[in-house]
Amino acid sequence: MPHSLSPLSALQKQTIVLIGLMGAGKSTIGRRLATRLNMPFVDADQEIETAAGMSISDIFERFGEAHFRDGERRVIARLIDGAPKVVATGGGAFMQEETRALILDRATAVWLDADLDVLAERVRRRDGRPLLKDKDPRTVLAELAAIRNPVYALAPIRVRSQPLPHDATVDAIIKALEDAA
Ligand code: S3P
């Protein structure tokens, strides 16, 4: 008798990449999603910091955003090349044409979409985001949402990230992945 795959194992075959604005919960949710799917989790921003040996703020300050994007593109390409895993990306990664093409071609992109109020409240909890430095986070996030949301919408899966227990969002992602499989 053929061995039947459990429903989750079908989801473990391809890397899952979480995209969305700062504060959408990509790292927090990604980590929990990976645990549920029994897959490794990697935070692309952390990988960039490790590779550069400095914080994202320092990379922006010392070398500029273009340099950061270049490192980001290389790190995400390396992560997608490896074994299937859950990857949380920084909010701007999917806006880079080459990175976006790679993610759409070789991984399953999941857009974590949250309301501005939710994003603005969440980004207050952590410093170290150069695009928000000395600015009103809600204003910046609104500007970024106007530009980025139509591009994030190219992801085959969109899940609302609401102020609910994390498990509810993880459940919604797993269901959406199963429906799309
Ligand atoms: C950025 C988002 C950040 C980080 C960098 C730039 C962006 O990641 O990559 O500060 O362009 O939206 P998070 O989305 O994890 O905050």
# chains A, B, ... in the order shown; residues from 1 in each chain; ligands from 1

call {"tool": "residues_near_ligand", "arguments": {"ligand": "ligand 1", "cutoff": "8 Å", "atoms": "only C-alpha atoms and all ligand atoms", "output": "PyMOL selection string"}}
result
chain A and resi 19-27+45+56-57+88-93+123+128-131+144

call {"tool": "residues_around", "arguments": {"residues": "Arg122 in chain A", "least_positions_apart": "2", "cutoff": "12 Å", "atoms": "only C-alpha atoms", "output": "list of chain:residue names"}}
result
A:Leu21, A:Met22, A:Gly23, A:Ala24, A:Gly25, A:Lys26, A:Thr28, A:Ala114, A:Asp115, A:Leu116, A:Asp117, A:Val118, A:Leu119, A:Ala120, A:Arg124, A:Arg125, A:Arg126, A:Asp127, A:Pro137, A:Arg138, A:Leu141, A:Ser161, A:Gln162, A:Pro163

call {"tool": "select_by_dssp", "arguments": {"residues": "range 66-167 of chain A", "states": "helix (DSSP H, G or I)", "output": "PyMOL selection string"}}
result
chain A and resi 66-81+93-95+97-106+116-123+130-132+137-152+166-167

call {"tool": "select_by_dssp", "arguments": {"residues": "range 66-115 of chain A", "states": "strand (DSSP E)", "output": "NGL selection string"}}
result
:A and (86-88 or 108-113)

call {"tool": "atom_distance", "arguments": {"atom1": "CA of Thr139 in chain A", "atom2": "CA of Pro156 in chain A"}}
result
27.7 Å

call {"tool": "residues_around", "arguments": {"residues": "Ile48 in chain A", "least_positions_apart": "4", "cutoff": "8 Å", "atoms": "only C-alpha atoms", "output": "PDB file with C-alpha atoms, in the first residue's frame"}}
result
ATOM      1  CA  ALA A  44      16.990  37.159   7.029  1.00  0.00           C
ATOM      2  CA  ALA A  52      28.139  41.950   8.082  1.00  0.00           C
ATOM      3  CA  ILE A  56      21.191  46.950  10.335  1.00  0.00           C
ATOM      4  CA  GLY A  71      23.601  42.129   1.168  1.00  0.00           C
ATOM      5  CA  GLU A  72      19.924  41.339   1.662  1.00  0.00           C
ATOM      6  CA  VAL A  75      21.527  36.427   1.906  1.00  0.00           C
TER       7      VAL A  75
END

call {"tool": "atom_distance", "arguments": {"atom1": "CA of Ile103 in chain A", "atom2": "CA of Lys85 in chain A"}}
result
12.7 Å

call {"tool": "closest_residue", "arguments": {"among": "A:Ala153, A:Asp134, A:Ala107, A:Phe41", "to": "Leu177 in chain A", "atoms": "only C-alpha atoms"}}
result
A:Ala107

call {"tool": "atom_distance", "arguments": {"atom1": "CA of Ile16 in chain A", "atom2": "CA of Asp58 in chain A"}}
result
28.3 Å

call {"tool": "residues_around", "arguments": {"residues": "Ala109 in chain A", "least_positions_apart": "3", "cutoff": "12 Å", "atoms": "only C-alpha atoms", "output": "PyMOL selection string"}}
result
chain A and resi 14-20+26+30+80+86-89+93-94+99-106+112+151-159+173+176-177+180

call {"tool": "closest_residue", "arguments": {"among": "A:Ala145, A:Ala66, A:Val170, A:Ala181", "to": "Ile29 in chain A", "atoms": "only C-alpha atoms"}}
result
A:Val170
